[in-house]
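Participant: Let me begin by handing over the structure; questions about it come next.
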There are 2 protein chains.
Amino acid sequence: MGDMKVLIVEDDPLHRSYLHEAVVAALPECGTVIEAVSGGEGEIQARANQTAHIVMDLQMQPRNGIEAARTIWQERPATRILFWSNYADEAYVRGVARIVPDGAAYGYVLKSASEERLRLALRSIFVENQCVIDREVRGTQQMSFGRSVGFSDRDYEILMDIALGLTDRAIAQRRRLSLRSVQNRLQQIYEKLDVYPTAGSAEGGDVQFNLRARAVTTALLRKLLNSGAMERAEAELQDWLETAR
Amino acid sequence: MGDMKVLIVEDDPLHRSYLHEAVVAALPECGTVIEAVSGGEGEIQARANQTAHIVMDLQMQPRNGIEAARTIWQERPATRILFWSNYADEAYVRGVARIVPDGAAYGYVLKSASEERLRLALRSIFVENQCVIDREVRGTQQMSFGRSVGFSDRDYEILMDIALGLTDRAIAQRRRLSLRSVQNRLQQIYEKLDVYPTAGSAEGGDVQFNLRARAVTTALLRKLLNSGAMERAEAELQDWLETAR
DNA sequence: AGGGCACTTGCGGGAAACCGCAGAAAATGT
DNA sequence: ACATTTTCTGCGGTTTCCCGCAAGTGCCCT
C-alpha cells in the first residue's frame with residue numbers, strides 16, 4: 001500500500017461508493033480515500049489534507065464542481081482533478097476549460113463510460129500525470145472552438161448577458177463597448193444560432209420571434225447554456241453590480 | 001412469490017440496480033421485475049408486459065419520464081406510477097400534476113429520501129393503491145397553487161411562451177387573446193417574479209433589465225422552469241406551428 | 001340591485017430592440 | 001510597410017416592448 005491520497009467529491013451516495021471502489025481497485029498505490037458530498041466540503045477537505053488527486057462530480061448543489069475546482073486550483077495549481085460528469089454540455093466543457101491552470105493535468109470522463117475507461121483515466125491522470133478527455137467531450141470542444149458554428153469567448157459573454165436579462169445599454173456598459181457594437185455582436189449571435197425567420201416560409205401567417213429571447217432558448221436547448229452556468233453568471237453579475245457603478 | 005410485475009424505468013445503471021434491490025426487498029409479492037433504460041423503452045415495455053406498477057425516473061435522455069408517463073396513462077389510466085426524481089423543481093411537479101388521470105394512484109419520492117421512505121412509498125402505492133408525495137415536493141406544490149406568489153396555469157402558459165421567444169403578438173394569436181391582454185398578463189408575471197427595478201436603488205447608474213428576458217432567467221433560477229419543460233414546450237410549439245396557420 | 005373583484009380590450013406614447021449604411025480603428029497576413 | 005480583413009462606432013429609421021389610463025364584461029357576495 002502506497003501513500004497516495006485521493007479525494008472524492010460527489011453528492012450522490014451511490015455514485016460516491018461506486019467511485020470509492022473504482023479508485024481502490026484502479027490504484028493499489030492509493031493509501032487513503034477521503035469523501036466529500038458537496039463542492040464546498042470538497043474545497044475544505046482538499047485544503048485540510050493537501051490532496052493532490054481529486055475525482056469530482058460537476059453537477060452538485062449548492063456549490064458545484066467548477067466553482068470548487070477553481071478555488072482549489074487557485075490555491076495549488078498542481079492539483080490533478082478528474083471530472084466525472086453526467087453530461088458533455090458545452091456550458092460545462094467551456095466552464096472547465098476556462099479554469100484549468102497552464103500545464104495542469106486534468107480529465108473529463110462521462111458517467112456513462114465503462115468501468116475500464118474510468119480505470120484508465122484514473123491511472124493516466126494520477127500516475128502518468130497526463131490529460132484524459134472523453135471522446136464525446138472532445139466533440140463538443142471542437143464545436144465550440146472550431147469556426148463552423150463556433151462561438152468566440154466574446155460571443156459567449158454577451159450571449160450570457162442577454163440570458164441574464166441585461167439591456168443592450170447595460171451590456172455596453174459592463175463590457176466597455178458602444179451600444180452599436182453590442183447590437184452588432186447580437187446580430188451575429190442570432191445568425192450563428194439560426195433564429196432568423198426562414199425566408200422560405202415567407203410572410204402571411206409566419207409567427208414572429210423575439211430574437212433576444214429566442215436566442216437564449218435556442219442556446220439552452222442546444223446545451224450551449226445550462227442553468228448551472230447561469231447561476232454562476234448571475235453571481236458574477238451581482239458582484240459587478242456592487243463594485244462598479 | 002406472487003405474480004405482481006414491476007417495471008423500472010431509469011437510465012442510470014447504479015440507480016437502476018439500487019431500485020431493483022429495493023423493489024425486491026419491499027415487495028415479496030413481486031414475481032417479476034422488468035427494467036428499461038429510457039422513457040421510450042419504458043413505454044414499449046409497459047405496453048408489452050401490461051404492467052400496472054411502474055417506478056420511473058423523471059430526468060432521462062432522450063425521452064423523459066413525464067412524456068413516457070403521459071402515453072402510458074393514456075393507454076391505461078389505472079397504471080400506478082412512482083416517480084423517483086433528483087429534484088423537486090416546480091417545473092417537474094407541475095408537469096406531473098398536469099398529466100395524472102383522475103383517481104390514479106401515483107407517488108413522488110426524491111432520490112435523497114431514505115431507504116425506508118422508498119420502501120413505504122412502494123408498498124403504499126403498489127399494495128394499498130394510495131398516493132404518496134414527498135414533503136419537499138408538497139412544499140413546491142403548495143407554492144405553485146397557493147395565491148401568495150402563485151402562478152395560475154394561464155400565467156405559466158404565457159411565461160413559457162415568452163421563454164420560447166414568442167412575441168406578444170404571436171402569444172395573443174396562439175392563446176386567442178388580444179395584444180393588450182397578453183401584455184397585462186406579462187406585467188403581473190413580472191410583478192410575481194419581482195423583476196421590476198427596485199425603487200430604493202433609485203436612478204443614477206442603475207442597470208436596466210430587459211424585463212422579458214429577466215423574467216425567464218429568474219424563473220429558471222427559481223426552478224420554476226427547467227430545460228426539460230422547455231424541450232416539451234418547444235415540441236408543442238412546433239406542432240402548433242404546423243397545424244394552425 | 002348594487003358594489004367589489006378579476007379579467008379583458010382599446011388607445012396613446014416613451015423606451016428599447018432591431019437593423020442597414022458607412023466611416024474609423026485595430027488586428028492580421030504577406 | 002502595405003493591403004486585407006475584422007471589429008468597433010455613430011446616425012437614422014422601423015418595429016416591438018412596456019405601461020398608464022379608461023372602459024367593458026362576467027362573477028360572487030351581502
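Residues are referred to by chain and number: the chain letter is A, B, ... according to the order shown in the C-alpha cells, the number counts from 1 in that chain, and ligands are numbered separately from 1 in the order shown.
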Which residues come within 10 Å of DC11 in chain D, counting only C-alpha atoms (C1' of nucleotides), excluding same-chain residues fewer than 2 positions away, as a ChimeraX atom specification?

Facilitator: /C:21-22 /D:13

Participant: For chain B, list the residues within 7 Å of chain A, counting only C-alpha atoms, and write the list as a list in words.

Facilitator: Leu14, Ala163, Leu164, Gly165, Leu166, Thr167, Ala170, Gly205, Val207, Gln208, Phe209, Asn210, Leu211, Ala213, Arg214, Thr217, Leu220, Leu221, Ser227, Glu231 and Arg245 of chain B

Participant: Taking only range 1-244 of chain B into account, list the residues labelled alpha helix (DSSP H) by DSSP (computed from the backbone), as a ChimeraX atom specification.

Facilitator: /B:13-26,39-49,65-75,90-99,115-126,135-145,153-164,168-175,179-193,211-221,227-243

Participant: For Ser85 in chain B, which of B:Ile72, B:Ala105, B:Val6, B:Val55 is the closest residue, counting only C-alpha atoms?

Facilitator: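 Smallest distance to Ser85 in chain B is found for B:Val55.
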
Participant: Using only C-alpha atoms (C1' of nucleotides), find the residues of chain C whose closest atom to chain B is at most 9 Å away, then write them as JSON, numbers by chain.

Facilitator: {"C": [7, 8, 9, 10, 16]}

Participant: Take the residues from that selection and put them in a file with C-alpha atoms (C1' of nucleotides), as a PDB file, in the first residue's frame.

Facilitator:
ATOM      1  C1'  DC C   7     -60.111  39.560 -16.461  1.00  0.00           C
ATOM      2  C1'  DT C   8     -60.207  41.573 -20.979  1.00  0.00           C
ATOM      3  C1'  DT C   9     -59.762  45.140 -24.614  1.00  0.00           C
ATOM      4  C1'  DG C  10     -58.533  49.678 -26.903  1.00  0.00           C
ATOM      5  C1'  DA C  16     -35.785  49.649 -26.041  1.00  0.00           C
TER       6       DA C  16
END

Participant: Quick one: contact table of chain D to chain A, 12 Å max, nearest atom pair and distance in Å to one decimal per residue, counting only C-alpha atoms (C1' of nucleotides), chain and number order, as JSON lines?

Facilitator:
{"residue": "D:DT7", "atom": "C1'", "partner": "A:Ser181", "partner_atom": "CA", "distance": 8.6}
{"residue": "D:DC8", "atom": "C1'", "partner": "A:Ser181", "partner_atom": "CA", "distance": 6.1}
{"residue": "D:DT9", "atom": "C1'", "partner": "A:Ser178", "partner_atom": "CA", "distance": 6.8}
{"residue": "D:DG10", "atom": "C1'", "partner": "A:Arg180", "partner_atom": "CA", "distance": 8.1}
{"residue": "D:DC11", "atom": "C1'", "partner": "A:Arg180", "partner_atom": "CA", "distance": 10.5}
{"residue": "D:DT15", "atom": "C1'", "partner": "A:Asn210", "partner_atom": "CA", "distance": 11.0}
{"residue": "D:DT16", "atom": "C1'", "partner": "A:Asn210", "partner_atom": "CA", "distance": 8.4}
{"residue": "D:DC17", "atom": "C1'", "partner": "A:Asn210", "partner_atom": "CA", "distance": 9.9}

Participant: What lies within 9 Å of Glu35 in chain A using only C-alpha atoms (C1' of nucleotides), ignoring chain neighbours under 2 positions off, as a list in words?

Facilitator: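 Within the cut-off, the hits are Val6, Leu7, Ile8, Val9, Glu10, Arg16, His20, Val33, Val37, Gly42 and Gln45 of chain A.
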
Participant: For the selection just defined, write its residues with N, CA and C atoms to a file, as a compact mmCIF listing (two decimals), in the first residue's frame.

Facilitator:
# COMPACT_ATOMS: atom_id res chain seq x y z
N VAL A 6 -6.43 10.21 -2.20
CA VAL A 6 -7.40 10.60 -3.23
C VAL A 6 -8.64 11.15 -2.56
N LEU A 7 -9.11 12.29 -3.07
CA LEU A 7 -10.33 12.91 -2.54
C LEU A 7 -11.46 12.74 -3.55
N ILE A 8 -12.58 12.23 -3.07
CA ILE A 8 -13.76 12.06 -3.93
C ILE A 8 -14.80 13.10 -3.54
N VAL A 9 -15.25 13.87 -4.51
CA VAL A 9 -16.28 14.88 -4.26
C VAL A 9 -17.49 14.56 -5.13
N GLU A 10 -18.56 14.12 -4.52
CA GLU A 10 -19.72 13.62 -5.28
C GLU A 10 -20.91 13.59 -4.32
N ARG A 16 -20.96 7.85 -5.22
CA ARG A 16 -19.80 8.06 -4.38
C ARG A 16 -19.17 6.72 -4.01
N HIS A 20 -15.56 5.17 -5.01
CA HIS A 20 -14.64 4.71 -3.97
C HIS A 20 -14.05 3.35 -4.36
N VAL A 33 -8.51 7.20 1.07
CA VAL A 33 -9.57 7.79 0.26
C VAL A 33 -10.43 8.66 1.16
N VAL A 37 -19.19 15.55 0.10
CA VAL A 37 -20.51 15.42 -0.51
C VAL A 37 -20.98 16.71 -1.18
N GLY A 42 -15.70 19.82 -0.44
CA GLY A 42 -14.54 19.39 -1.22
C GLY A 42 -13.38 20.35 -1.08
N GLN A 45 -11.83 19.91 2.43
CA GLN A 45 -11.06 18.67 2.55
C GLN A 45 -9.76 18.77 1.76

Participant: Taking the backbone alone, and naming residues the way the document does, which bits of range 6-175 of chain B are strand (DSSP E or B) by DSSP, as a PyMOL selection string?

Facilitator: chain B and resi 6-9+30-36+53-56+80-85+106-110+132-133+166

Participant: Mind dumping the selected residues with C-alpha atoms as a PDB file, in the first residue's frame?

Facilitator:
ATOM      1  CA  VAL B   6     -42.945  -4.155 -11.609  1.00  0.00           C
ATOM      2  CA  LEU B   7     -41.329  -2.098 -14.339  1.00  0.00           C
ATOM      3  CA  ILE B   8     -38.323   0.052 -13.539  1.00  0.00           C
ATOM      4  CA  VAL B   9     -37.512   2.924 -15.904  1.00  0.00           C
ATOM      5  CA  CYS B  30     -43.465  -9.168  -6.675  1.00  0.00           C
ATOM      6  CA  GLY B  31     -42.703 -12.025  -9.047  1.00  0.00           C
ATOM      7  CA  THR B  32     -41.104 -10.229 -11.978  1.00  0.00           C
ATOM      8  CA  VAL B  33     -39.009  -7.109 -12.321  1.00  0.00           C
ATOM      9  CA  ILE B  34     -38.515  -5.601 -15.761  1.00  0.00           C
ATOM     10  CA  GLU B  35     -36.013  -2.860 -16.492  1.00  0.00           C
ATOM     11  CA  ALA B  36     -35.967  -0.126 -19.104  1.00  0.00           C
ATOM     12  CA  HIS B  53     -46.805  -0.996 -11.451  1.00  0.00           C
ATOM     13  CA  ILE B  54     -44.034   1.316 -12.573  1.00  0.00           C
ATOM     14  CA  VAL B  55     -41.131   3.067 -10.864  1.00  0.00           C
ATOM     15  CA  MET B  56     -39.736   5.793 -13.055  1.00  0.00           C
ATOM     16  CA  ARG B  80     -49.700   3.084 -10.753  1.00  0.00           C
ATOM     17  CA  ILE B  81     -46.548   5.079 -11.198  1.00  0.00           C
ATOM     18  CA  LEU B  82     -43.970   6.057  -8.602  1.00  0.00           C
ATOM     19  CA  PHE B  83     -41.776   8.921  -9.778  1.00  0.00           C
ATOM     20  CA  TRP B  84     -38.309   8.812  -8.290  1.00  0.00           C
ATOM     21  CA  SER B  85     -36.502  12.017  -9.020  1.00  0.00           C
ATOM     22  CA  TYR B 106     -49.132   7.828  -8.026  1.00  0.00           C
ATOM     23  CA  GLY B 107     -46.165   8.812  -5.950  1.00  0.00           C
ATOM     24  CA  TYR B 108     -43.325  11.307  -5.988  1.00  0.00           C
ATOM     25  CA  VAL B 109     -40.258  10.463  -3.939  1.00  0.00           C
ATOM     26  CA  LEU B 110     -36.915  12.224  -4.031  1.00  0.00           C
ATOM     27  CA  VAL B 132     -47.547   9.241  -1.592  1.00  0.00           C
ATOM     28  CA  ILE B 133     -45.899  12.574  -2.177  1.00  0.00           C
ATOM     29  CA  LEU B 166     -42.591  34.352 -28.998  1.00  0.00           C
TER      30      LEU B 166
END
